[in-house]
Amino acid sequence: MKILLVNKYHYVTGGPESYMFNVMEKLEDLGHEVYPLCLDVEGNIKSEYSRYFIRSPYPGKKSHHAAGGGPLVAAKLFFRSIYSVEAARKAQQMISDYDIDVVYCLNIANYISPSVIHVGRKNGKRVLHRLSDYNLLCPQQYFFKNRQVCLECKGNLLRAIPDRCVKQSLAATVGRVISMKLHRLMKLYEQVDAFVCPSSFMRDQLVDMGFGEDKVHYLPSLVNVEKRLDEKDLRTERSFVLYLGRLSAEKGLDCLLDAMDMEGNESIPLVLAGAGPDYEALTEQAKGLKNRNIEFRGFVEREELDDLLRRSAFTVAPSIWHDNAPMSVFESLAAGKPIIATPLGGLRDQVGNEEAGLFAEPNDALSLGRAINRLWHDDALRATLSRGALNRFRTHFDPDMHMQALLKLMNA
């Protein structure tokens with residue numbers, strides 16, 4: 001099978017890209033041919049297909065953050081987000097040149113647009129779309145407002161405008177709402193044959209909003225495990241607590257720092273591995289804590305990440321939004337590490353009925369701190385949940401299970 005895999009970036013910057021490279025490797029191992037179509041941006045991993053890559057709206061920059069704001073960039077993104085003619089043309093070229101069978105879209109919002117979906121359908125190809133956020137339902141993409149879960153826009157997108165939900169900007173919010181309404185008017189997403197949802201929560205939200213139940217499929221993310229762990233290899237000693245992921249407001253990390261500073265937790269080491277817009281605010285907050293064992297590692301490469309996971313006592317995912325099954329939690333399960341998480345979004349699927357970790361109330365430092373203290377000091381519980389985490393990964397999230405289900409959708 002020949003698969004056109006469409007995603008914004010061709011380098012690892014988050015969960016969608018980790019998934020992209022994982023699924024490319026697995027598909028190729030199974031004998032399929034995979035052709036990436038991404039933005040042409042600084043930092044991309046080299047590809048023999050880069051001549052097809054789509055011009056960036058911010059030439060010479062790695063991301064829109066590096067390019068900065070400004071009306072010109074904003075205007076380019078607005079028109080591109082509705083329907084990118086260039087992305088459609090490049091997709092058509094690749095479909096024709098390589099006789100593509102399936103178009104698999106990952107993160108295509110704004111910078112690539114659903115024009116690639118339209119081209120795939122026009123050519124009679126099967127089109128799948130994996131959703132890594134709530135982009136089809138929420139202008140701000142996260143169901144998150146004022147540090148709280150928000151589902152107000154599900155019934156009426158216009159509700160986002162008074163609150164300036166997108167970047168706290170009236171213009172950005174209006175633009176986003178207009179593009180979403182135009183997509184619905186043009187029925188672009190109705191041309192998708194199957195939506196791949198990493199969490200059952202996302203599947204339920206799409207079905208609730210009228211997406212056909214037969215088109216929406218819960219399919220947990222793919223984690224490429226080079227060597228499957230055995231129970232005898234589990235490490236459960238007290239070393240440090242680990243957070244893996246983006247440093248941003250919706251991840252609840254200011255609450256985590258407060259939890260690490262409560263009485264009884266002041267000496268427990270915490271390592272945060274990741275980058276993001278809240279880095280400076282969080283490091284500044286950490287300076288004022290009694291707990292002096294908090295370390296910010298920044299973005300870490302694969303080898304260092306694996307080492308941190310292996311040596312950690314357990315991991316934390318204190319999200320205060322409906323986190324859509326973060327890749328870091330799958331990686332924790334695969335490493336046999338218990339997770340302390342909030343019972344929101346896909347985290348419920350991942351941790352299960354607390355057989356792989358503990359739940360803490362969202363945005364509640366006392367609840368989170370108590371869970372951390374309990375798991376840190378209870379060696380027997382930590383060992384039990386370590387085995388539970390590994391078992392949950394094996395029985396619910398094994399990579400082979402993902403590939404079997406994905407290929408079934410591609411071949412349907």
# chains A, B, ... in the order shown; residues from 1 in each chain; ligands from 1
$ residues_around --residues "A:Lys76" --least-positions-apart "5" --cutoff "10 Å" --atoms "only C-alpha atoms" --output "PyMOL selection string"
chain A and resi 56-58+71+81+110-111
$ write_last_selection --atoms "N, CA and C atoms" --output "compact mmCIF listing (two decimals), in the first residue's frame"
# COMPACT_ATOMS: atom_id res chain seq x y z
N SER A 56 6.63 27.56 3.55
CA SER A 56 6.22 28.07 4.85
C SER A 56 5.73 29.51 4.74
N PRO A 57 4.76 29.90 5.55
CA PRO A 57 4.35 31.31 5.56
C PRO A 57 5.37 32.21 6.26
N TYR A 58 6.37 31.57 6.89
CA TYR A 58 7.42 32.33 7.58
C TYR A 58 8.79 31.81 7.13
N PRO A 71 0.73 41.71 11.11
CA PRO A 71 -0.45 41.55 10.26
C PRO A 71 -0.20 40.73 9.00
N SER A 81 -5.35 28.93 6.07
CA SER A 81 -6.09 28.02 6.94
C SER A 81 -7.42 27.59 6.32
N ASN A 110 -4.57 25.03 9.85
CA ASN A 110 -4.00 26.36 9.61
C ASN A 110 -2.91 26.38 8.55
N TYR A 111 -1.83 25.64 8.74
CA TYR A 111 -0.66 25.79 7.88
C TYR A 111 -0.75 24.96 6.61
$ residues_around --residues "A:Ala405" --least-positions-apart "2" --cutoff "12 Å" --atoms "only C-alpha atoms" --output "PyMOL selection string"
chain A and resi 194+196+217-222+397-403+407-412
$ closest_residue --among "A:Gln404, A:Ser115, A:Ser312, A:Asn135" --to "A:Lys90" --atoms "only C-alpha atoms"
A:Ser115
$ select_by_dssp --residues "stretch 64-216 of chain A" --states "helix (DSSP H, G or I)" --output "PyMOL selection string"
chain A and resi 64-67+71-82+85-98+115-122+152-154+157-160+170-186+189-191+200-208
$ closest_residue --among "A:Leu289, A:Leu385, A:Ala325, A:Leu368" --to "A:Gly346" --atoms "only C-alpha atoms"
A:Ala325
$ residues_around --residues "stretch 4-17 of chain A" --least-positions-apart "4" --cutoff "8 Å" --atoms "only C-alpha atoms" --output "ChimeraX atom specification"
/A:21,34-41,43-45,94-95,100-108,111-112,132,246,326-327
$ atom_distance --atom1 "atom CA of A:Arg387" --atom2 "atom CA of A:Asn373"
19.6 Å
$ closest_residue --among "A:Leu131, A:Pro139, A:Trp321, A:Lys181" --to "A:Ser200" --atoms "only C-alpha atoms"
A:Leu131
$ atom_distance --atom1 "atom CA of A:Arg164" --atom2 "atom CA of A:Phe78"
16.1 Å
$ atom_distance --atom1 "atom CA of A:Tyr98" --atom2 "atom CA of A:Tyr19"
23.0 Å
$ residues_around --residues "A:Arg311" --least-positions-apart "4" --cutoff "8 Å" --atoms "only C-alpha atoms" --output "VMD selection string"
chain A and resid 235 239 to 240 307
$ write_last_selection --atoms "N, CA and C atoms" --output "PDB file, in the first residue's frame"
ATOM      1  N   ARG A 235      12.236  -1.008  37.572  1.00  0.00           N
ATOM      2  CA  ARG A 235      12.960  -0.298  38.631  1.00  0.00           C
ATOM      3  C   ARG A 235      11.957   0.556  39.399  1.00  0.00           C
ATOM      4  N   SER A 239      13.856   7.746  43.357  1.00  0.00           N
ATOM      5  CA  SER A 239      14.947   8.509  42.743  1.00  0.00           C
ATOM      6  C   SER A 239      14.500   9.958  42.532  1.00  0.00           C
ATOM      7  N   PHE A 240      13.528  10.129  41.649  1.00  0.00           N
ATOM      8  CA  PHE A 240      12.941  11.454  41.434  1.00  0.00           C
ATOM      9  C   PHE A 240      11.592  11.285  40.740  1.00  0.00           C
ATOM     10  N   ASP A 307      16.494   7.459  29.323  1.00  0.00           N
ATOM     11  CA  ASP A 307      17.270   7.309  30.557  1.00  0.00           C
ATOM     12  C   ASP A 307      16.524   7.902  31.746  1.00  0.00           C
TER      13      ASP A 307
END
$ select_by_dssp --residues "stretch 320-394 of chain A" --states "strand (DSSP E or B)" --output "list in words"
Ile339, Ile340, Ala341, Gly357, Leu358 and Phe359 of chain A
$ write_last_selection --atoms "C-alpha atoms" --output "PDB file, in the first residue's frame"
ATOM      1  CA  ILE A 339       1.443   7.908  36.584  1.00  0.00           C
ATOM      2  CA  ILE A 340      -0.234  10.447  38.823  1.00  0.00           C
ATOM      3  CA  ALA A 341      -2.730  12.182  36.544  1.00  0.00           C
ATOM      4  CA  GLY A 357      -1.380   5.025  38.737  1.00  0.00           C
ATOM      5  CA  LEU A 358      -3.348   7.450  40.882  1.00  0.00           C
ATOM      6  CA  PHE A 359      -5.749  10.265  40.081  1.00  0.00           C
TER       7      PHE A 359
END
$ closest_residue --among "A:Leu182, A:Leu234, A:Cys197, A:Ala371" --to "A:Asn265" --atoms "only C-alpha atoms"
A:Ala371
$ residues_around --residues "stretch 201-211 of chain A" --least-positions-apart "2" --cutoff "9 Å" --atoms "only C-alpha atoms" --output "PDB file with N, CA and C atoms, in the first residue's frame"
ATOM      1  N   LEU A 131      -6.753  13.065  14.825  1.00  0.00           N
ATOM      2  CA  LEU A 131      -6.930  14.331  15.534  1.00  0.00           C
ATOM      3  C   LEU A 131      -6.123  14.329  16.822  1.00  0.00           C
ATOM      4  N   ASP A 133      -5.886  17.237  18.688  1.00  0.00           N
ATOM      5  CA  ASP A 133      -6.504  18.219  19.580  1.00  0.00           C
ATOM      6  C   ASP A 133      -7.959  18.387  19.141  1.00  0.00           C
ATOM      7  N   TYR A 134      -8.650  19.386  19.704  1.00  0.00           N
ATOM      8  CA  TYR A 134     -10.079  19.549  19.443  1.00  0.00           C
ATOM      9  C   TYR A 134     -10.323  20.634  18.401  1.00  0.00           C
ATOM     10  N   LEU A 136     -11.429  20.695  15.423  1.00  0.00           N
ATOM     11  CA  LEU A 136     -12.669  20.703  14.648  1.00  0.00           C
ATOM     12  C   LEU A 136     -13.860  21.205  15.445  1.00  0.00           C
ATOM     13  N   LEU A 137     -13.701  21.299  16.751  1.00  0.00           N
ATOM     14  CA  LEU A 137     -14.820  21.638  17.619  1.00  0.00           C
ATOM     15  C   LEU A 137     -14.649  22.940  18.381  1.00  0.00           C
ATOM     16  N   LYS A 154     -18.968  24.220  21.674  1.00  0.00           N
ATOM     17  CA  LYS A 154     -19.462  23.040  20.959  1.00  0.00           C
ATOM     18  C   LYS A 154     -20.776  23.340  20.255  1.00  0.00           C
ATOM     19  N   GLY A 155     -21.652  24.089  20.909  1.00  0.00           N
ATOM     20  CA  GLY A 155     -22.956  24.380  20.313  1.00  0.00           C
ATOM     21  C   GLY A 155     -22.965  25.640  19.476  1.00  0.00           C
ATOM     22  N   GLU A 190     -16.404  16.446   5.874  1.00  0.00           N
ATOM     23  CA  GLU A 190     -17.326  15.360   5.550  1.00  0.00           C
ATOM     24  C   GLU A 190     -16.725  14.420   4.507  1.00  0.00           C
ATOM     25  N   PHE A 195     -12.093   9.070  10.952  1.00  0.00           N
ATOM     26  CA  PHE A 195     -11.363   9.888  11.911  1.00  0.00           C
ATOM     27  C   PHE A 195     -10.730   8.977  12.956  1.00  0.00           C
ATOM     28  N   VAL A 196      -9.455   9.199  13.224  1.00  0.00           N
ATOM     29  CA  VAL A 196      -8.725   8.426  14.225  1.00  0.00           C
ATOM     30  C   VAL A 196      -8.598   9.288  15.482  1.00  0.00           C
ATOM     31  N   CYS A 197      -9.176   8.821  16.581  1.00  0.00           N
ATOM     32  CA  CYS A 197      -9.198   9.577  17.836  1.00  0.00           C
ATOM     33  C   CYS A 197      -8.332   8.875  18.875  1.00  0.00           C
ATOM     34  N   PRO A 198      -7.314   9.539  19.423  1.00  0.00           N
ATOM     35  CA  PRO A 198      -6.441   8.908  20.415  1.00  0.00           C
ATOM     36  C   PRO A 198      -7.102   8.677  21.763  1.00  0.00           C
ATOM     37  N   SER A 199      -8.293   9.259  21.978  1.00  0.00           N
ATOM     38  CA  SER A 199      -8.979   9.054  23.257  1.00  0.00           C
ATOM     39  C   SER A 199     -10.460   8.798  23.023  1.00  0.00           C
ATOM     40  N   GLU A 213     -21.089   8.227  13.655  1.00  0.00           N
ATOM     41  CA  GLU A 213     -20.471   7.279  14.585  1.00  0.00           C
ATOM     42  C   GLU A 213     -19.680   6.205  13.847  1.00  0.00           C
ATOM     43  N   ASP A 214     -20.099   5.871  12.632  1.00  0.00           N
ATOM     44  CA  ASP A 214     -19.398   4.851  11.866  1.00  0.00           C
ATOM     45  C   ASP A 214     -18.068   5.361  11.304  1.00  0.00           C
ATOM     46  N   LYS A 215     -17.894   6.699  11.332  1.00  0.00           N
ATOM     47  CA  LYS A 215     -16.653   7.279  10.814  1.00  0.00           C
ATOM     48  C   LYS A 215     -15.631   7.578  11.902  1.00  0.00           C
ATOM     49  N   VAL A 216     -16.044   7.598  13.153  1.00  0.00           N
ATOM     50  CA  VAL A 216     -15.187   8.060  14.246  1.00  0.00           C
ATOM     51  C   VAL A 216     -14.707   6.857  15.051  1.00  0.00           C
ATOM     52  N   HIS A 217     -13.390   6.691  15.144  1.00  0.00           N
ATOM     53  CA  HIS A 217     -12.819   5.485  15.739  1.00  0.00           C
ATOM     54  C   HIS A 217     -11.823   5.827  16.849  1.00  0.00           C
ATOM     55  N   TYR A 218     -12.008   5.211  17.996  1.00  0.00           N
ATOM     56  CA  TYR A 218     -11.042   5.355  19.088  1.00  0.00           C
ATOM     57  C   TYR A 218      -9.884   4.411  18.828  1.00  0.00           C
ATOM     58  N   HIS A 322      -8.696  18.789  28.957  1.00  0.00           N
ATOM     59  CA  HIS A 322      -8.978  17.424  28.519  1.00  0.00           C
ATOM     60  C   HIS A 322      -7.842  16.936  27.625  1.00  0.00           C
ATOM     61  N   ASN A 324      -5.452  15.079  25.396  1.00  0.00           N
ATOM     62  CA  ASN A 324      -5.874  14.051  24.445  1.00  0.00           C
ATOM     63  C   ASN A 324      -4.878  12.899  24.400  1.00  0.00           C
ATOM     64  N   LEU A 344      -9.011  13.603  33.334  1.00  0.00           N
ATOM     65  CA  LEU A 344      -9.579  14.407  32.257  1.00  0.00           C
ATOM     66  C   LEU A 344      -9.201  13.837  30.900  1.00  0.00           C
ATOM     67  N   GLY A 345     -10.092  13.992  29.926  1.00  0.00           N
ATOM     68  CA  GLY A 345      -9.799  13.607  28.549  1.00  0.00           C
ATOM     69  C   GLY A 345      -9.297  12.180  28.423  1.00  0.00           C
ATOM     70  N   GLY A 346      -8.217  12.015  27.651  1.00  0.00           N
ATOM     71  CA  GLY A 346      -7.663  10.689  27.393  1.00  0.00           C
ATOM     72  C   GLY A 346      -6.882  10.105  28.547  1.00  0.00           C
ATOM     73  N   ARG A 348      -7.921   9.339  31.380  1.00  0.00           N
ATOM     74  CA  ARG A 348      -8.741   8.256  31.970  1.00  0.00           C
ATOM     75  C   ARG A 348      -8.498   6.940  31.250  1.00  0.00           C
ATOM     76  N   ASP A 349      -8.432   6.984  29.924  1.00  0.00           N
ATOM     77  CA  ASP A 349      -8.166   5.763  29.155  1.00  0.00           C
ATOM     78  C   ASP A 349      -6.795   5.196  29.506  1.00  0.00           C
TER      79      ASP A 349
END
$ residues_around --residues "A:Gly264" --least-positions-apart "2" --cutoff "12 Å" --atoms "only C-alpha atoms" --output "list of chain:residue names"
A:Ala259, A:Met260, A:Asp261, A:Met262, A:Glu266, A:Ser267, A:Ile268, A:Lys290, A:Asn291, A:Leu366, A:Gly369, A:Arg370, A:Ala371, A:Ile372, A:Asn373, A:Arg374, A:Trp376, A:His377
